[in-house]
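Undergrad: Can you keep this structure in mind? I'll have questions shortly.
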Amino acid sequence: APPNESLMRRCSSNMLKSRLIMGAQIFRFNPYEKDNIEVKKLGGTNMIVRKSCLLKIGGFDEDFLTAADLKLSYDLINKGHGKLIFSGKVIVFHHRRKIFPNFFLQHFNYSLRISKYFKIFKGIELLKCFGSVVFVLCNIIGLFVCFFSSNFCIIYFSSLFLYASICIFESIVVSNKHLIEILITGIGLFLYNFIIGIGCLSSFLTRGRIFIKSR
């Protein structure tokens with residue numbers, strides 16, 4: 001995020017620095033950590049592509065309302081037989097959406113389209129998608145079972161407390177150590193898998209036909 005960014009935009013930027021969300025891709029948001037490494041995908045906010053390569057694959061796929069940069073990365077590797085190189089020395093300051101509600105609407109829309117993007121999402125990306133769906137379903141089932149078993153209720157809410165504690169700890173790591181920023185980022189991390197899981201589940205059920213307009 002740019003210097004002197006607003007609190008709500010800093011919090012959404014913090015979330016993208018977290019391994020809970022980005023996994024091994026956090027180097028994209030901590031650029032000084034790695035340089036000149038071959039990657040499978042690049043973000044479209046700061047990408048340089050040779051014109052000949054872009055023409056060879058037919059440019060951006062306009063059928064992709066979201067994740068067009070990921071589709072471009074996929075096509076450059078698989079159709080253009082090229083390589084994607086990440087350089088931590090080339091920096092861009094990106095104004096993120098405010099964490100509530102715009103950032104979450106943006107990522108919810110990504111998840112709503114996941115069923116259409118299966119051919120570009122492989123390996124860990126699919127695992128994250130199915131993991132979020134399983135996470136939501138387990139919480140729904142767990143909450144239902146709590147009505148019939150007090151012992152299970154203790155286990156269920158203890159698990160949620162553990163998950164919340166991990167989110168807060170991760171928020172401390174990625175935030176600027178301001179209490180309000182830590183709390184908002186922690187709440188965002190806690191809610192993220194619920195929201196993405198609901199979106200992915202909706203995508204499977206509707207075959208990606210739902211899309212919510214967001215800024």
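To be explicit about the labels: the chains of the structure tokens are called A, B, and onward in the order shown, and within each one the residues are counted from 1, while ligands get numbers from 1 in the order they are shown.
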Write out as a PyMOL selection string all residues of stretch 109-212 of chain A that DSSP puts in helix (DSSP H, G or I) for this structure's backbone.
TA: chain A and resi 109-112+114-116+124-146+150-174+179-206
Undergrad: Just the strand (DSSP E) stuff from stretch 25-209 of chain A, please, per backbone DSSP, written as a count of residues only.
TA: 6
Undergrad: At a cut-off of 12 Å, using only C-alpha atoms, what residues contact A:Ala67? Leave out same-chain residues fewer than 4 positions from it and give the result as a count of residues only.
TA: 26
Undergrad: So how far away is atom CA of A:Val90 from atom CA of A:Lys56, in Å?
TA: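 So the answer is 25.3 Å.
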Undergrad: As an exercise, work out the distance from atom CA of A:Ile195 to atom CA of A:Val133 in Å and give it to one decimal place.
TA: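 Distance between the two atoms: 9.6 Å.
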Undergrad: As a PyMOL selection string, please: the residues near stretch 7-24 of chain A (cut-off 7 Å, only C-alpha atoms, same-chain neighbours under 5 positions excluded).
TA: chain A and resi 1+29-30+96-99+103+170+174-175+181+184-185+189
Undergrad: Can you write out the residues you just picked, keeping N, CA, C and O atoms, as a PDB file, in the first residue's frame?
TA:
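Done, and the output landed in out-v8.pdb:
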```
ATOM      1  N   ALA A   1       0.844  -1.195   0.000  1.00  0.00           N
ATOM      2  CA  ALA A   1       0.000   0.000   0.000  1.00  0.00           C
ATOM      3  C   ALA A   1       0.880   1.247   0.000  1.00  0.00           C
ATOM      4  O   ALA A   1       1.992   1.226   0.532  1.00  0.00           O
ATOM      5  N   PHE A  29       3.481  -9.358  -2.464  1.00  0.00           N
ATOM      6  CA  PHE A  29       3.116  -8.211  -1.638  1.00  0.00           C
ATOM      7  C   PHE A  29       4.197  -7.876  -0.607  1.00  0.00           C
ATOM      8  O   PHE A  29       4.051  -6.962   0.182  1.00  0.00           O
ATOM      9  N   ASN A  30       5.285  -8.644  -0.634  1.00  0.00           N
ATOM     10  CA  ASN A  30       6.496  -8.349   0.134  1.00  0.00           C
ATOM     11  C   ASN A  30       7.666  -8.427  -0.856  1.00  0.00           C
ATOM     12  O   ASN A  30       8.523  -9.304  -0.770  1.00  0.00           O
ATOM     13  N   ARG A  96      -5.547  -0.309  -2.518  1.00  0.00           N
ATOM     14  CA  ARG A  96      -6.501  -1.391  -2.308  1.00  0.00           C
ATOM     15  C   ARG A  96      -7.880  -0.836  -2.005  1.00  0.00           C
ATOM     16  O   ARG A  96      -8.040   0.307  -1.567  1.00  0.00           O
ATOM     17  N   ARG A  97      -8.885  -1.676  -2.211  1.00  0.00           N
ATOM     18  CA  ARG A  97     -10.234  -1.293  -1.809  1.00  0.00           C
ATOM     19  C   ARG A  97     -10.334  -1.281  -0.291  1.00  0.00           C
ATOM     20  O   ARG A  97      -9.591  -1.988   0.388  1.00  0.00           O
ATOM     21  N   LYS A  98     -11.259  -0.499   0.226  1.00  0.00           N
ATOM     22  CA  LYS A  98     -11.500  -0.512   1.669  1.00  0.00           C
ATOM     23  C   LYS A  98     -11.954  -1.908   2.078  1.00  0.00           C
ATOM     24  O   LYS A  98     -12.758  -2.534   1.380  1.00  0.00           O
ATOM     25  N   ILE A  99     -11.468  -2.371   3.213  1.00  0.00           N
ATOM     26  CA  ILE A  99     -11.685  -3.764   3.611  1.00  0.00           C
ATOM     27  C   ILE A  99     -13.164  -4.107   3.723  1.00  0.00           C
ATOM     28  O   ILE A  99     -13.591  -5.198   3.308  1.00  0.00           O
ATOM     29  N   PHE A 103     -13.431  -4.586  -0.503  1.00  0.00           N
ATOM     30  CA  PHE A 103     -12.410  -5.632  -0.645  1.00  0.00           C
ATOM     31  C   PHE A 103     -13.054  -7.020  -0.605  1.00  0.00           C
ATOM     32  O   PHE A 103     -12.745  -7.895  -1.421  1.00  0.00           O
ATOM     33  N   GLU A 170      -1.492 -13.634  13.288  1.00  0.00           N
ATOM     34  CA  GLU A 170      -1.065 -13.310  11.932  1.00  0.00           C
ATOM     35  C   GLU A 170      -1.261 -11.823  11.652  1.00  0.00           C
ATOM     36  O   GLU A 170      -0.434 -11.201  10.978  1.00  0.00           O
ATOM     37  N   VAL A 174       1.552  -8.954  10.265  1.00  0.00           N
ATOM     38  CA  VAL A 174       1.462  -8.203   8.993  1.00  0.00           C
ATOM     39  C   VAL A 174       1.035  -6.751   9.170  1.00  0.00           C
ATOM     40  O   VAL A 174       1.137  -5.972   8.219  1.00  0.00           O
ATOM     41  N   SER A 175       0.564  -6.365  10.361  1.00  0.00           N
ATOM     42  CA  SER A 175       0.087  -4.993  10.570  1.00  0.00           C
ATOM     43  C   SER A 175       1.206  -4.101  11.090  1.00  0.00           C
ATOM     44  O   SER A 175       2.315  -4.548  11.365  1.00  0.00           O
ATOM     45  N   GLU A 181      -5.757  -1.244  13.893  1.00  0.00           N
ATOM     46  CA  GLU A 181      -5.394  -1.890  12.623  1.00  0.00           C
ATOM     47  C   GLU A 181      -5.257  -3.400  12.802  1.00  0.00           C
ATOM     48  O   GLU A 181      -5.701  -4.176  11.951  1.00  0.00           O
ATOM     49  N   ILE A 184      -8.911  -4.872  13.190  1.00  0.00           N
ATOM     50  CA  ILE A 184      -9.675  -4.887  11.939  1.00  0.00           C
ATOM     51  C   ILE A 184      -9.100  -5.921  10.972  1.00  0.00           C
ATOM     52  O   ILE A 184      -9.838  -6.688  10.354  1.00  0.00           O
ATOM     53  N   THR A 185      -7.768  -5.966  10.864  1.00  0.00           N
ATOM     54  CA  THR A 185      -7.135  -6.959   9.995  1.00  0.00           C
ATOM     55  C   THR A 185      -7.431  -8.369  10.492  1.00  0.00           C
ATOM     56  O   THR A 185      -7.724  -9.277   9.694  1.00  0.00           O
ATOM     57  N   LEU A 189      -9.256 -11.367   8.470  1.00  0.00           N
ATOM     58  CA  LEU A 189      -8.671 -12.697   8.265  1.00  0.00           C
ATOM     59  C   LEU A 189      -9.621 -13.790   8.756  1.00  0.00           C
ATOM     60  O   LEU A 189      -9.744 -14.848   8.126  1.00  0.00           O
TER      61      LEU A 189
END
```
Undergrad: So how many Å separate atom CA of A:Asp35 and atom CA of A:Leu54, to one decimal?
TA: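 For atom CA of A:Asp35 relative to atom CA of A:Leu54, the distance reads 23.4 Å.
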Undergrad: Check the smallest atom-to-atom distance from each of A:Leu205, A:Lys79, A:Cys200, A:Ser150 to A:Leu127 using only C-alpha atoms, then report the winner.
TA: A:Cys200
